[in-house]
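Enquirer: Pasting a structure below so you can have a look.
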Amino acid sequence: MAPAPSVERIRELFSPWETGDSLNFIDNVLAPDCRFVVRGSHRYAGVYDREGIKAVEMEVDKMFQVPETIAIARIFRAAEGDWVSISMASKNGSLLLNGKPYNQTYLWATKWDGEHIVEVEEYADFELLANAVLENLEERRARDEL
């Protein structure tokens, strides 16, 4: 495996998140056979490949009236060279369908092969996510059925 990119390059690769373009990031940075583990005990907890996590992201995006944008807070490089932990947080302005702000925090432990992520373990405030899903996806489904 090739080592992870530089911290500066990782920031560049994650830049689509800053504009709410998560699908661009998924398509271009996650390897097709990426192993993406979402930790927790909620409806999205599980192990996904790139297409699976893309489907999850597309569903979660439906609960926003103002798309979630995310900024990197810190990048921690591991001694092994291909592992990097990335701390991120929602930027101000992300609004759910019910008008509530969505202020999420994330920690991704990522394994890289050059400029592609081949493994992710995601940790976040999953109670916040579960409540947002409960309050907003049901509202979205009701709107779509009308």
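We name chains A, B, ... following the order of the structure tokens; residues begin at 1 in each chain, and ligands are numbered from 1 as shown.
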What's the 9 Å shell around Glu139 in chain A, counting only C-alpha atoms, without same-chain residues fewer than 5 positions away, as a ChimeraX atom specification?
Expert: /A:63,97-98,134,144
Enquirer: Taking 5 positions as the minimum chain separation for residues in the same chain, which residues sit within 12 Å of Ala130 in chain A when counting only C-alpha atoms? Answer as a PyMOL selection string.
Expert: chain A and resi 40-45+60+63+102+104+124-125+135-138
Enquirer: Which residues, written as a list of chain:residue names, have at least one atom at most 12 Å from Pro16 in chain A, with only C-alpha atoms counted and residues fewer than 6 positions away on the same chain left out?
Expert: A:Ile10, A:Ser22, A:Leu23, A:Asn24, A:Phe25, A:Ile26, A:Asp27, A:Asn28, A:Val29, A:Glu68, A:Thr69, A:Ile70, A:Ala71, A:Ile72
Enquirer: Take the residues from that selection and put them in a file with N, CA and C atoms, as a compact mmCIF listing (two decimals), in the first residue's frame.
Expert:
```txt
# COMPACT_ATOMS: atom_id res chain seq x y z
N ILE A 10 -4.69 15.90 2.03
CA ILE A 10 -5.92 15.35 2.62
C ILE A 10 -6.96 16.45 2.75
N SER A 22 -20.93 15.87 -0.73
CA SER A 22 -20.43 14.60 -0.19
C SER A 22 -20.33 13.51 -1.25
N LEU A 23 -21.23 13.52 -2.23
CA LEU A 23 -21.21 12.47 -3.25
C LEU A 23 -19.97 12.57 -4.13
N ASN A 24 -19.51 13.78 -4.39
CA ASN A 24 -18.26 13.98 -5.14
C ASN A 24 -17.10 13.36 -4.36
N PHE A 25 -17.07 13.61 -3.08
CA PHE A 25 -16.02 13.02 -2.24
C PHE A 25 -16.08 11.50 -2.29
N ILE A 26 -17.26 10.94 -2.09
CA ILE A 26 -17.41 9.49 -2.08
C ILE A 26 -16.95 8.89 -3.40
N ASP A 27 -17.38 9.47 -4.51
CA ASP A 27 -17.02 8.95 -5.84
C ASP A 27 -15.53 9.04 -6.14
N ASN A 28 -14.87 10.07 -5.64
CA ASN A 28 -13.49 10.33 -6.05
C ASN A 28 -12.42 9.97 -5.03
N VAL A 29 -12.78 9.84 -3.77
CA VAL A 29 -11.77 9.58 -2.75
C VAL A 29 -11.89 8.17 -2.15
N GLU A 68 -25.83 19.78 4.82
CA GLU A 68 -24.75 19.76 5.80
C GLU A 68 -23.42 20.02 5.11
N THR A 69 -22.68 20.94 5.67
CA THR A 69 -21.31 21.18 5.23
C THR A 69 -20.41 20.87 6.42
N ILE A 70 -19.23 20.33 6.12
CA ILE A 70 -18.35 19.83 7.17
C ILE A 70 -16.97 20.43 7.00
N ALA A 71 -16.36 20.78 8.11
CA ALA A 71 -14.99 21.30 8.10
C ALA A 71 -14.09 20.37 8.91
N ILE A 72 -12.88 20.19 8.43
CA ILE A 72 -11.89 19.41 9.17
C ILE A 72 -11.39 20.24 10.35
```
Enquirer: Within 10 Å of Met1 in chain A, counting only C-alpha atoms, which residues show up once you throw out same-chain ones fewer than 6 positions away? Write them as number ranges by chain, please.
Expert: A: 81-82, 111-114, 118
Enquirer: Residues of the last selection are to be written out with N, CA and C atoms, as a short mmCIF file (atom, residue, chain, number, x, y, z; two decimals), in the first residue's frame.
Expert:
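Printed below is out_39.cif as written:
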```
data_model
loop_
_atom_site.label_atom_id
_atom_site.label_comp_id
_atom_site.auth_asym_id
_atom_site.auth_seq_id
_atom_site.Cartn_x
_atom_site.Cartn_y
_atom_site.Cartn_z
N GLY A 81 1.92 5.03 8.62
CA GLY A 81 2.03 5.70 7.33
C GLY A 81 0.78 5.67 6.47
N ASP A 82 -0.04 4.61 6.59
CA ASP A 82 -1.23 4.57 5.75
C ASP A 82 -2.52 4.82 6.55
N LYS A 111 -7.80 4.39 6.51
CA LYS A 111 -6.62 3.72 5.96
C LYS A 111 -6.55 4.09 4.48
N TRP A 112 -5.39 4.52 4.05
CA TRP A 112 -5.20 5.04 2.70
C TRP A 112 -4.32 4.12 1.86
N ASP A 113 -4.56 4.16 0.56
CA ASP A 113 -3.66 3.59 -0.43
C ASP A 113 -3.43 4.72 -1.43
N GLY A 114 -2.38 5.47 -1.22
CA GLY A 114 -2.15 6.66 -2.04
C GLY A 114 -3.22 7.69 -1.74
N VAL A 118 -9.22 3.27 1.68
CA VAL A 118 -9.62 1.88 1.51
C VAL A 118 -10.37 1.34 2.73
#
```
Enquirer: Among range 8-126 of chain A, which residues does DSSP mark as alpha helix (DSSP H) when it is run on the backbone? Keep the chain and numbering as in the structure and answer as a PyMOL selection string.
Expert: chain A and resi 8-13+15-18+22-29+50-61+126
Enquirer: Run DSSP on the backbone and give me the residues of chain A it puts in strand (DSSP E), as an MDAnalysis selection string.
Expert: chainID A and resid 30:38 46:48 64:66 70:77 83:90 95:96 105:113 116:124
Enquirer: In Å, with one decimal, what is the gap from CA of Glu18 in chain A to CA of Ala4 in chain A?
Expert: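 The value is 20.8 Å.
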Enquirer: From the options A:Glu51, A:Ala132, A:Arg74, A:Thr19, which residue's atoms come nearest to Gly93 in chain A, counting only C-alpha atoms?
Expert: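 For Gly93 in chain A, the nearest of the candidates is A:Thr19.
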Enquirer: Leaving out Leu107 in chain A and any residue of its chain fewer than 4 positions from it, which residues lie within 10 Å of it when counting only C-alpha atoms, given as a PyMOL selection string?
Expert: chain A and resi 72-75+85-89+120-125
Enquirer: Using only N, CA and C atoms, please write the residues we just selected to a file, as a PDB file, in the first residue's frame.
Expert:
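Result file is selection-v2.pdb:
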```pdb
ATOM      1  N   ILE A  72     -12.879  20.188   8.431  1.00  0.00           N
ATOM      2  CA  ILE A  72     -11.891  19.409   9.173  1.00  0.00           C
ATOM      3  C   ILE A  72     -11.389  20.239  10.345  1.00  0.00           C
ATOM      4  N   ALA A  73     -11.361  19.628  11.522  1.00  0.00           N
ATOM      5  CA  ALA A  73     -10.809  20.296  12.699  1.00  0.00           C
ATOM      6  C   ALA A  73      -9.338  19.921  12.881  1.00  0.00           C
ATOM      7  N   ARG A  74      -9.055  18.615  12.821  1.00  0.00           N
ATOM      8  CA  ARG A  74      -7.677  18.135  13.018  1.00  0.00           C
ATOM      9  C   ARG A  74      -7.432  16.887  12.187  1.00  0.00           C
ATOM     10  N   ILE A  75      -6.180  16.700  11.830  1.00  0.00           N
ATOM     11  CA  ILE A  75      -5.746  15.490  11.138  1.00  0.00           C
ATOM     12  C   ILE A  75      -4.602  14.894  11.948  1.00  0.00           C
ATOM     13  N   SER A  85      -6.294   9.668  11.208  1.00  0.00           N
ATOM     14  CA  SER A  85      -7.564   9.985  11.860  1.00  0.00           C
ATOM     15  C   SER A  85      -7.907  11.429  11.555  1.00  0.00           C
ATOM     16  N   ILE A  86      -9.178  11.650  11.235  1.00  0.00           N
ATOM     17  CA  ILE A  86      -9.626  12.975  10.819  1.00  0.00           C
ATOM     18  C   ILE A  86     -10.814  13.373  11.680  1.00  0.00           C
ATOM     19  N   SER A  87     -10.672  14.478  12.397  1.00  0.00           N
ATOM     20  CA  SER A  87     -11.725  15.026  13.239  1.00  0.00           C
ATOM     21  C   SER A  87     -12.436  16.123  12.448  1.00  0.00           C
ATOM     22  N   MET A  88     -13.767  16.023  12.367  1.00  0.00           N
ATOM     23  CA  MET A  88     -14.547  16.978  11.568  1.00  0.00           C
ATOM     24  C   MET A  88     -15.783  17.418  12.344  1.00  0.00           C
ATOM     25  N   ALA A  89     -16.364  18.527  11.917  1.00  0.00           N
ATOM     26  CA  ALA A  89     -17.591  19.018  12.536  1.00  0.00           C
ATOM     27  C   ALA A  89     -18.442  19.735  11.500  1.00  0.00           C
ATOM     28  N   VAL A 120     -12.574   2.871   6.448  1.00  0.00           N
ATOM     29  CA  VAL A 120     -13.014   3.950   7.342  1.00  0.00           C
ATOM     30  C   VAL A 120     -13.735   3.329   8.528  1.00  0.00           C
ATOM     31  N   GLU A 121     -13.461   3.846   9.717  1.00  0.00           N
ATOM     32  CA  GLU A 121     -14.306   3.602  10.883  1.00  0.00           C
ATOM     33  C   GLU A 121     -14.817   4.962  11.310  1.00  0.00           C
ATOM     34  N   GLU A 122     -16.140   5.130  11.259  1.00  0.00           N
ATOM     35  CA  GLU A 122     -16.750   6.422  11.567  1.00  0.00           C
ATOM     36  C   GLU A 122     -17.371   6.397  12.959  1.00  0.00           C
ATOM     37  N   TYR A 123     -17.037   7.426  13.727  1.00  0.00           N
ATOM     38  CA  TYR A 123     -17.627   7.649  15.036  1.00  0.00           C
ATOM     39  C   TYR A 123     -18.255   9.040  15.005  1.00  0.00           C
ATOM     40  N   ALA A 124     -19.466   9.158  15.566  1.00  0.00           N
ATOM     41  CA  ALA A 124     -20.164  10.443  15.564  1.00  0.00           C
ATOM     42  C   ALA A 124     -21.144  10.463  16.737  1.00  0.00           C
ATOM     43  N   ASP A 125     -21.890  11.564  16.859  1.00  0.00           N
ATOM     44  CA  ASP A 125     -22.953  11.659  17.855  1.00  0.00           C
ATOM     45  C   ASP A 125     -24.176  10.977  17.242  1.00  0.00           C
TER      46      ASP A 125
END
```
Enquirer: As an exercise, work out the distance from CA of Met58 in chain A to CA of Arg143 in chain A in Å and give it to one decimal place.
Expert: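 Between CA of Met58 in chain A and CA of Arg143 in chain A the gap is 17.1 Å.
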Enquirer: Report the distance between CA of Phe36 in chain A and CA of Lys100 in chain A in Å, rounded to one decimal place.
Expert: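 Going from CA of Phe36 in chain A over to CA of Lys100 in chain A covers 28.0 Å.
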Enquirer: Could you check the closest approach to Arg35 in chain A for each of A:Asp21, A:Arg141, A:Thr105, A:Gly52 and tell me which residue wins, using only C-alpha atoms?
Expert: A:Gly52
Enquirer: Can you tell me which residues surround range 6-9 of chain A at a distance of at most 9 Å, considering only C-alpha atoms, apart from same-chain residues fewer than 5 positions away, and format the answer as a tab-separated table (two decimals) with N, CA and C atoms, in the first residue's frame?
Expert:
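around18.tsv, freshly written:
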```tsv
chain	number	residue	atom	x	y	z
A	14	PHE	N	-10.66	16.39	0.96
A	14	PHE	CA	-11.89	16.51	1.74
A	14	PHE	C	-12.67	17.78	1.43
A	75	ILE	N	-6.18	16.70	11.83
A	75	ILE	CA	-5.75	15.49	11.14
A	75	ILE	C	-4.60	14.89	11.95
A	76	PHE	N	-4.74	13.63	12.30
A	76	PHE	CA	-3.73	12.93	13.10
A	76	PHE	C	-3.14	11.80	12.25
A	77	ARG	N	-1.86	11.85	11.98
A	77	ARG	CA	-1.20	10.80	11.19
A	77	ARG	C	-0.67	9.72	12.12
A	115	GLU	N	-3.93	8.14	-2.78
A	115	GLU	CA	-4.96	9.18	-2.60
A	115	GLU	C	-6.37	8.62	-2.46
```
